[in-house]
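Engineer: File name coords_16.tsv; file contents TSV, C-alpha atoms; full text below.
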chain	number	residue	atom	x	y	z
A	1	MET	CA	0.00	0.00	0.00
A	2	THR	CA	1.36	3.39	-0.94
A	3	SER	CA	1.79	5.99	1.75
A	4	VAL	CA	-0.88	8.70	1.93
A	5	PRO	CA	-0.16	11.85	3.93
A	6	LEU	CA	-2.91	12.50	6.50
A	7	VAL	CA	-3.07	16.26	6.29
A	8	PHE	CA	-6.20	18.26	7.02
A	9	SER	CA	-6.63	21.89	8.03
A	10	PRO	CA	-6.85	22.76	11.74
A	11	ARG	CA	-10.29	23.83	13.04
A	12	LEU	CA	-9.85	27.49	13.90
A	13	SER	CA	-13.35	29.02	14.12
A	14	VAL	CA	-17.02	28.23	13.50
A	15	SER	CA	-17.06	30.56	10.49
A	16	GLN	CA	-14.02	28.83	8.96
A	17	VAL	CA	-15.62	25.42	9.48
A	18	GLU	CA	-19.12	26.35	8.28
A	19	GLU	CA	-18.51	29.06	5.69
A	20	GLY	CA	-14.92	28.51	4.60
A	21	ARG	CA	-13.15	26.46	1.95
A	22	ASP	CA	-10.68	24.61	4.20
A	23	LEU	CA	-11.18	20.89	4.70
A	24	ALA	CA	-11.09	20.65	8.50
A	25	PRO	CA	-12.95	17.45	9.40
A	26	LYS	CA	-13.91	16.57	12.96
A	27	PHE	CA	-13.44	12.97	14.06
A	28	ASP	CA	-15.20	11.76	17.20
A	29	ASP	CA	-13.59	10.37	20.33
A	30	ARG	CA	-13.07	7.07	18.48
A	31	GLY	CA	-11.33	8.92	15.64
A	32	LEU	CA	-14.27	8.33	13.29
A	33	LEU	CA	-16.89	10.22	11.32
A	34	PRO	CA	-20.00	8.77	9.64
A	35	ALA	CA	-19.94	8.41	5.85
A	36	VAL	CA	-23.25	8.29	4.00
A	37	THR	CA	-23.17	6.61	0.61
A	38	THR	CA	-25.89	7.07	-2.00
A	39	ASP	CA	-26.33	5.80	-5.54
A	40	PHE	CA	-25.14	8.46	-7.99
A	41	ALA	CA	-27.89	7.69	-10.51
A	42	THR	CA	-30.94	7.13	-8.28
A	43	GLY	CA	-30.14	8.95	-5.02
A	44	ASP	CA	-31.00	5.81	-3.04
A	45	LEU	CA	-29.19	5.39	0.24
A	46	LEU	CA	-26.87	2.42	-0.11
A	47	MET	CA	-25.03	2.26	3.20
A	48	VAL	CA	-23.73	4.20	6.17
A	49	GLY	CA	-20.18	3.52	7.23
A	50	TYR	CA	-17.46	5.19	9.23
A	51	MET	CA	-14.13	6.69	8.22
A	52	ASN	CA	-11.03	7.42	10.19
A	53	ALA	CA	-8.55	10.01	8.90
A	54	GLU	CA	-6.74	7.47	6.75
A	55	ALA	CA	-9.96	6.17	5.17
A	56	LEU	CA	-11.01	9.71	4.26
A	57	GLN	CA	-7.58	10.53	2.85
A	58	ARG	CA	-7.52	7.35	0.76
A	59	THR	CA	-11.03	7.99	-0.51
A	60	ILE	CA	-9.95	11.46	-1.61
A	61	ALA	CA	-6.71	10.21	-3.13
A	62	THR	CA	-8.16	7.25	-5.07
A	63	SER	CA	-11.81	8.26	-5.74
A	64	GLU	CA	-12.79	4.84	-4.40
A	65	ALA	CA	-14.66	4.45	-1.12
A	66	HIS	CA	-12.59	3.47	1.88
A	67	TYR	CA	-14.11	3.02	5.32
A	68	PHE	CA	-12.94	1.96	8.76
A	69	SER	CA	-14.48	-1.33	9.79
A	70	ARG	CA	-15.64	-1.04	13.38
A	71	SER	CA	-16.24	-4.78	13.71
A	72	ARG	CA	-12.81	-5.70	12.34
A	73	GLN	CA	-11.01	-2.50	13.43
A	74	VAL	CA	-9.19	-2.18	10.12
A	75	LEU	CA	-9.07	0.13	7.12
A	76	TRP	CA	-11.61	-1.26	4.64
A	77	HIS	CA	-11.34	-0.73	0.90
A	78	LYS	CA	-14.97	-1.50	-0.04
A	79	GLY	CA	-15.12	-4.20	-2.65
A	80	ALA	CA	-11.62	-5.53	-2.05
A	81	ALA	CA	-13.14	-8.87	-0.96
A	82	SER	CA	-16.44	-8.87	-2.87
A	83	GLY	CA	-15.46	-7.02	-6.04
A	84	PHE	CA	-18.21	-4.45	-5.42
A	85	VAL	CA	-15.90	-1.40	-5.53
A	86	GLN	CA	-17.60	1.98	-5.08
A	87	LYS	CA	-16.39	4.61	-7.55
A	88	VAL	CA	-16.84	8.06	-5.98
A	89	ARG	CA	-18.46	10.41	-8.46
A	90	GLU	CA	-18.93	13.20	-5.90
A	91	LEU	CA	-17.77	13.69	-2.33
A	92	ARG	CA	-19.31	16.28	-0.01
A	93	ILE	CA	-18.94	17.37	3.62
A	94	ASP	CA	-21.52	18.85	5.97
A	95	ASP	CA	-21.77	22.20	7.74
A	96	ASP	CA	-19.73	21.36	10.84
A	97	GLN	CA	-17.51	18.91	8.91
A	98	ASP	CA	-18.21	15.84	11.02
A	99	CYS	CA	-19.92	13.80	8.29
A	100	VAL	CA	-19.28	13.09	4.59
A	101	TRP	CA	-21.54	12.14	1.70
A	102	LEU	CA	-20.33	9.86	-1.09
A	103	ARG	CA	-22.25	9.66	-4.36
A	104	VAL	CA	-21.04	6.44	-5.97
A	105	GLU	CA	-21.34	4.01	-8.82
A	106	THR	CA	-20.91	0.46	-7.56
A	107	ALA	CA	-19.34	-2.27	-9.67
A	108	GLY	CA	-21.90	-5.09	-9.78
A	109	GLY	CA	-24.58	-2.97	-8.13
A	110	ALA	CA	-24.49	-4.60	-4.69
A	111	ASN	CA	-23.54	-2.82	-1.49
A	112	CYS	CA	-24.95	-4.85	1.40
A	113	HIS	CA	-23.28	-7.88	3.00
A	114	VAL	CA	-26.70	-9.61	3.24
A	115	GLY	CA	-26.84	-9.64	-0.56
A	116	TYR	CA	-29.04	-6.68	-1.37
A	117	ARG	CA	-28.36	-3.65	-3.53
A	118	SER	CA	-28.81	-1.35	-0.52
A	119	CYS	CA	-28.44	-2.03	3.19
A	120	PHE	CA	-31.83	-0.34	3.58
A	121	TYR	CA	-33.99	-3.05	2.02
A	122	ARG	CA	-36.79	-2.89	4.62
A	123	GLY	CA	-39.31	-0.17	5.41
A	124	ILE	CA	-41.01	0.80	8.66
A	125	PRO	CA	-44.66	1.83	8.23
A	126	THR	CA	-45.49	5.11	9.99
A	127	GLY	CA	-48.55	6.84	11.38
A	128	ALA	CA	-51.79	4.88	11.27
A	129	ASP	CA	-50.10	2.21	9.16
A	130	TYR	CA	-47.76	1.16	11.99
A	131	PRO	CA	-49.00	-2.10	13.52
A	132	GLY	CA	-46.39	-2.30	16.32
A	133	ALA	CA	-42.81	-3.54	16.23
A	134	GLU	CA	-43.50	-7.24	15.79
A	135	GLY	CA	-43.61	-8.26	12.15
A	136	CYS	CA	-44.00	-4.68	10.89
A	137	LEU	CA	-41.09	-4.44	8.45
A	138	GLU	CA	-41.86	-4.41	4.72
A	139	TRP	CA	-39.48	-5.53	2.00
A	140	LYS	CA	-38.48	-2.74	-0.40
A	141	GLU	CA	-36.23	-4.72	-2.73
A	142	GLU	CA	-37.35	-7.51	-5.02
A	143	GLY	CA	-34.60	-9.91	-4.09
A	144	LYS	CA	-30.90	-10.31	-3.46
A	145	VAL	CA	-28.32	-9.24	-6.03
A	146	PHE	CA	-25.81	-11.87	-4.97
A	147	ASP	CA	-25.41	-14.89	-2.71
A	148	PRO	CA	-23.40	-13.86	0.37
A	149	ALA	CA	-22.22	-17.42	1.02
A	150	ALA	CA	-20.72	-17.59	-2.47
A	151	VAL	CA	-18.96	-14.22	-2.12
A	152	TYR	CA	-17.89	-14.14	1.52
A	153	GLY	CA	-17.64	-17.89	2.27
A	154	ASN	CA	-17.05	-18.45	5.96
A	155	SER	CA	-16.04	-14.87	6.83
A	156	PRO	CA	-17.64	-13.77	10.13
A	157	ASN	CA	-20.91	-11.83	9.79
A	158	PRO	CA	-20.35	-8.19	10.85
A	159	THR	CA	-23.83	-7.89	12.40
A	160	GLN	CA	-23.70	-7.89	16.18
A	161	LEU	CA	-26.68	-8.35	18.49
B	1	MET	CA	-46.96	16.14	24.64
B	2	THR	CA	-48.89	12.92	24.34
B	3	SER	CA	-47.39	9.77	25.74
B	4	VAL	CA	-45.79	7.41	23.24
B	5	PRO	CA	-45.04	3.83	24.30
B	6	LEU	CA	-41.40	2.92	23.61
B	7	VAL	CA	-41.82	-0.67	22.53
B	8	PHE	CA	-39.49	-2.41	20.11
B	9	SER	CA	-38.82	-6.10	19.58
B	10	PRO	CA	-35.93	-7.74	21.45
B	11	ARG	CA	-32.87	-8.71	19.36
B	12	LEU	CA	-32.87	-12.50	19.39
B	13	SER	CA	-30.66	-13.65	16.50
B	14	VAL	CA	-28.74	-12.37	13.50
B	15	SER	CA	-31.26	-13.95	11.13
B	16	GLN	CA	-34.17	-12.25	12.93
B	17	VAL	CA	-32.40	-8.88	12.79
B	18	GLU	CA	-31.21	-9.15	9.17
B	19	GLU	CA	-33.86	-11.27	7.48
B	20	GLY	CA	-36.93	-10.88	9.69
B	21	ARG	CA	-39.85	-8.49	9.91
B	22	ASP	CA	-39.50	-7.45	13.57
B	23	LEU	CA	-38.40	-3.90	14.32
B	24	ALA	CA	-35.52	-4.53	16.73
B	25	PRO	CA	-33.32	-1.43	16.54
B	26	LYS	CA	-29.88	-1.26	18.13
B	27	PHE	CA	-28.95	1.93	19.96
B	28	ASP	CA	-25.30	2.58	20.76
B	29	ASP	CA	-23.77	3.08	24.19
B	30	ARG	CA	-25.17	6.62	24.22
B	31	GLY	CA	-28.66	5.28	23.45
B	32	LEU	CA	-28.53	6.68	19.89
B	33	LEU	CA	-28.57	5.57	16.29
B	34	PRO	CA	-27.76	7.68	13.21
B	35	ALA	CA	-30.66	8.86	11.05
B	36	VAL	CA	-29.98	9.74	7.43
B	37	THR	CA	-32.44	12.12	5.81
B	38	THR	CA	-32.78	12.54	2.05
B	39	ASP	CA	-35.09	14.58	-0.12
B	40	PHE	CA	-38.00	12.43	-1.28
B	41	ALA	CA	-38.10	14.04	-4.72
B	42	THR	CA	-34.41	14.41	-5.60
B	43	GLY	CA	-32.61	11.84	-3.44
B	44	ASP	CA	-30.21	14.52	-2.21
B	45	LEU	CA	-28.79	14.01	1.25
B	46	LEU	CA	-30.22	16.74	3.48
B	47	MET	CA	-28.82	15.97	6.93
B	48	VAL	CA	-27.57	13.28	9.27
B	49	GLY	CA	-28.93	13.34	12.79
B	50	TYR	CA	-29.28	10.97	15.69
B	51	MET	CA	-32.33	9.38	17.31
B	52	ASN	CA	-32.87	7.91	20.73
B	53	ALA	CA	-35.70	5.42	21.27
B	54	GLU	CA	-38.22	8.17	21.94
B	55	ALA	CA	-37.27	10.12	18.80
B	56	LEU	CA	-37.68	7.00	16.66
B	57	GLN	CA	-41.00	6.16	18.25
B	58	ARG	CA	-42.31	9.70	17.76
B	59	THR	CA	-41.13	9.73	14.14
B	60	ILE	CA	-43.04	6.49	13.54
B	61	ALA	CA	-46.13	7.71	15.39
B	62	THR	CA	-46.36	11.17	13.77
B	63	SER	CA	-44.69	10.72	10.33
B	64	GLU	CA	-42.66	13.85	11.16
B	65	ALA	CA	-38.92	13.69	11.77
B	66	HIS	CA	-37.83	13.76	15.40
B	67	TYR	CA	-34.18	13.58	16.40
B	68	PHE	CA	-32.18	13.72	19.60
B	69	SER	CA	-30.06	16.85	19.77
B	70	ARG	CA	-26.61	15.89	20.99
B	71	SER	CA	-25.57	19.51	21.54
B	72	ARG	CA	-28.69	20.34	23.57
B	73	GLN	CA	-29.33	16.80	24.89
B	74	VAL	CA	-33.06	17.03	24.23
B	75	LEU	CA	-35.70	15.45	21.99
B	76	TRP	CA	-35.84	17.60	18.86
B	77	HIS	CA	-38.92	17.91	16.69
B	78	LYS	CA	-37.26	19.23	13.53
B	79	GLY	CA	-38.88	22.47	12.44
B	80	ALA	CA	-40.52	23.25	15.78
B	81	ALA	CA	-38.36	26.40	16.00
B	82	SER	CA	-37.73	27.18	12.32
B	83	GLY	CA	-40.99	25.97	10.75
B	84	PHE	CA	-39.04	23.64	8.44
B	85	VAL	CA	-40.90	20.48	9.47
B	86	GLN	CA	-39.84	17.29	7.69
B	87	LYS	CA	-42.77	15.15	6.55
B	88	VAL	CA	-41.66	11.51	6.38
B	89	ARG	CA	-42.78	9.93	3.12
B	90	GLU	CA	-40.83	6.74	3.70
B	91	LEU	CA	-38.86	5.32	6.63
B	92	ARG	CA	-36.38	2.47	6.26
B	93	ILE	CA	-33.96	0.58	8.48
B	94	ASP	CA	-30.68	-1.11	7.60
B	95	ASP	CA	-29.52	-4.72	7.72
B	96	ASP	CA	-28.34	-4.81	11.34
B	97	GLN	CA	-30.96	-2.26	12.42
B	98	ASP	CA	-28.59	0.33	13.85
B	99	CYS	CA	-29.37	3.10	11.34
B	100	VAL	CA	-32.54	4.52	9.77
B	101	TRP	CA	-33.23	6.33	6.49
B	102	LEU	CA	-35.89	9.04	6.25
B	103	ARG	CA	-37.16	10.16	2.85
B	104	VAL	CA	-38.83	13.51	3.53
B	105	GLU	CA	-40.56	16.53	2.11
B	106	THR	CA	-39.49	19.65	4.01
B	107	ALA	CA	-41.81	22.59	4.54
B	108	GLY	CA	-39.97	25.62	3.14
B	109	GLY	CA	-37.24	23.48	1.58
B	110	ALA	CA	-34.49	24.30	4.09
B	111	ASN	CA	-32.83	21.75	6.36
B	112	CYS	CA	-29.49	23.24	7.45
B	113	HIS	CA	-29.00	25.63	10.37
B	114	VAL	CA	-26.48	27.61	8.29
B	115	GLY	CA	-29.31	28.51	5.90
B	116	TYR	CA	-28.83	26.05	3.06
B	117	ARG	CA	-31.25	23.53	1.60
B	118	SER	CA	-28.91	20.69	2.58
B	119	CYS	CA	-26.21	20.49	5.24
B	120	PHE	CA	-23.95	19.11	2.50
B	121	TYR	CA	-23.49	22.31	0.50
B	122	ARG	CA	-19.75	21.87	-0.11
B	123	GLY	CA	-17.84	19.34	-2.17
B	124	ILE	CA	-14.37	17.85	-1.73
B	125	PRO	CA	-12.51	17.32	-5.02
B	126	THR	CA	-10.98	13.86	-5.32
B	127	GLY	CA	-8.16	12.20	-7.21
B	128	ALA	CA	-5.98	14.46	-9.33
B	129	ASP	CA	-8.39	17.35	-8.71
B	130	TYR	CA	-7.59	17.49	-4.98
B	131	PRO	CA	-5.27	20.43	-4.29
B	132	GLY	CA	-4.75	19.75	-0.56
B	133	ALA	CA	-6.96	20.58	2.40
B	134	GLU	CA	-6.47	24.33	2.43
B	135	GLY	CA	-9.08	26.13	0.37
B	136	CYS	CA	-10.18	22.99	-1.48
B	137	LEU	CA	-13.93	22.98	-0.77
B	138	GLU	CA	-16.29	23.86	-3.61
B	139	TRP	CA	-19.78	25.30	-3.18
B	140	LYS	CA	-22.54	23.02	-4.48
B	141	GLU	CA	-25.54	25.22	-3.69
B	142	GLU	CA	-26.31	28.55	-5.33
B	143	GLY	CA	-27.06	30.39	-2.11
B	144	LYS	CA	-28.89	30.24	1.18
B	145	VAL	CA	-32.60	29.49	1.37
B	146	PHE	CA	-33.10	31.54	4.53
B	147	ASP	CA	-31.30	33.93	6.86
B	148	PRO	CA	-30.30	32.03	10.03
B	149	ALA	CA	-30.18	35.22	12.11
B	150	ALA	CA	-33.79	36.00	11.22
B	151	VAL	CA	-35.00	32.49	12.01
B	152	TYR	CA	-32.89	31.49	15.02
B	153	GLY	CA	-32.07	34.91	16.49
B	154	ASN	CA	-29.55	34.58	19.28
B	155	SER	CA	-29.91	30.81	19.79
B	156	PRO	CA	-26.49	29.19	20.29
B	157	ASN	CA	-24.88	27.73	17.16
B	158	PRO	CA	-24.80	23.92	17.43
B	159	THR	CA	-21.45	23.65	15.62
B	160	GLN	CA	-18.61	22.77	17.99
B	161	LEU	CA	-14.93	23.01	17.18
Rewrite the coordinates I just gave you, this time as structure tokens.
Structural biologist:
Amino acid sequence: MTSVPLVFSPRLSVSQVEEGRDLAPKFDDRGLLPAVTTDFATGDLLMVGYMNAEALQRTIATSEAHYFSRSRQVLWHKGAASGFVQKVRELRIDDDQDCVWLRVETAGGANCHVGYRSCFYRGIPTGADYPGAEGCLEWKEEGKVFDPAAVYGNSPNPTQL
Amino acid sequence: MTSVPLVFSPRLSVSQVEEGRDLAPKFDDRGLLPAVTTDFATGDLLMVGYMNAEALQRTIATSEAHYFSRSRQVLWHKGAASGFVQKVRELRIDDDQDCVWLRVETAGGANCHVGYRSCFYRGIPTGADYPGAEGCLEWKEEGKVFDPAAVYGNSPNPTQL
């Protein structure tokens, strides 16, 4: 892996952070910020991950999404195992610079370890349509895009109870 | 404020959480989960907030976005102060049920306390276009939708350095 310098601007004032042009991201006490990834063509939310400074720098440097895996505690080049690399077509940062938005095109079209296109394949009815928590979720995708067992084999499932 | 029962399903197994129909959300050690809010019509990312159990329950019950304000440490009915209420047209949850996605229509079209339509009004160039952190951010919105001083007056700015 090539070396990537981890250089961001210092956070000097609220006006610099909110209204300025310096990239001065704020990482939380774990050294992470949330990264929201949507489909460039449709706007659908695909996944929410986390980045440490190195993941953000590598995403900027390569235009491919890198995250920090909280379950494995390692830098995670999305698609390195599955082939579903996310090409970053646009990268944005929010007002207080503690969150980034990636608009991506995904090789193969799958983004979720369960096998779906998006991690958000189930809906929660609201208002009068909500029947209570038990059995309420509704499927929003037709079916899986790939078979997780075929792609990930015996790798541990990242979902924790 | 009317009473809202805070009842979700218990988390029993990975297959129940990932492949089942029970709403069994996972809140982190602060009692929160991230909530990603996009524009129902355009798919643009508007904001990323956090919900505690009560905020999620109220969002479900009312079809209006409620968050938990980390800076003020209170339940936050978005738009109660500014008028920019977010009507939830669709609510989704992710594979391991520790993140929700709100697709909303916002009264007045503004969602960011700085005055923009979206909190993500600046872009970060990537790859060969990235000139370094200083001065790199590019404006992605034409201008502000409202004047924060007129709407919020002397309320403290939530951005923290």
Engineer: For CA of Gly83 (chain B) and CA of Pro34 (chain B), determine how far apart the two atoms are, in Å to one decimal place.
Structural biologist: 22.7 Å
Engineer: In terms of the shortest atom-to-atom distance over all atoms listed in the file, which of B:Phe27, B:Trp76, B:Tyr130, B:Tyr67 is closest to chain A?
Structural biologist: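 So, comparing all the options, the nearest one is B:Tyr130.
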Engineer: Tell me, as a short mmCIF file (atom, residue, chain, number, x, y, z; two decimals) with C-alpha atoms, in the coordinates of the input, which residues lie within 10 Å of Ala150 (chain B), counting only C-alpha atoms; anything in the same chain fewer than 4 positions away does not count.
Structural biologist:
data_model
loop_
_atom_site.label_atom_id
_atom_site.label_comp_id
_atom_site.auth_asym_id
_atom_site.auth_seq_id
_atom_site.Cartn_x
_atom_site.Cartn_y
_atom_site.Cartn_z
CA SER B 82 -37.73 27.18 12.32
CA PHE B 146 -33.10 31.54 4.53
CA ASN B 154 -29.55 34.58 19.28
#
Engineer: Write down, as a list in words, each residue of chain A that has any atom within 6 Å of an atom of chain B, counting all atoms listed in the file.
Structural biologist: Phe8, Ser9, Arg21, Asp22, Leu23, Gly43, Ile60, Ala61, Thr62, Ser63, Leu91, Arg92, Ile93, Asp94, Asp95, Asp96, Cys119, Phe120, Arg122, Gly123, Ile124, Thr126, Gly127, Ala133, Glu134, Gly135, Cys136, Leu137 and Thr159 of chain A
Engineer: Just how far from CA of Asp28 (chain A) is CA of Thr106 (chain A), in Å to one decimal?
Structural biologist: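 That distance, rounded to one decimal, is 27.8 Å.
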Engineer: Could you check the closest approach to Val104 (chain A) for each of A:Arg70, A:Ser155, A:Gly49, A:Val85 and tell me which residue wins, using all atoms listed in the file?
Structural biologist: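 Among the listed residues, the smallest separation from Val104 (chain A) belongs to A:Val85.
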Engineer: In Å, with one decimal, what is the gap from CA of Arg117 (chain A) to CA of Gln86 (chain A)?
Structural biologist: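 Separating CA of Arg117 (chain A) from CA of Gln86 (chain A) is a distance of 12.2 Å.
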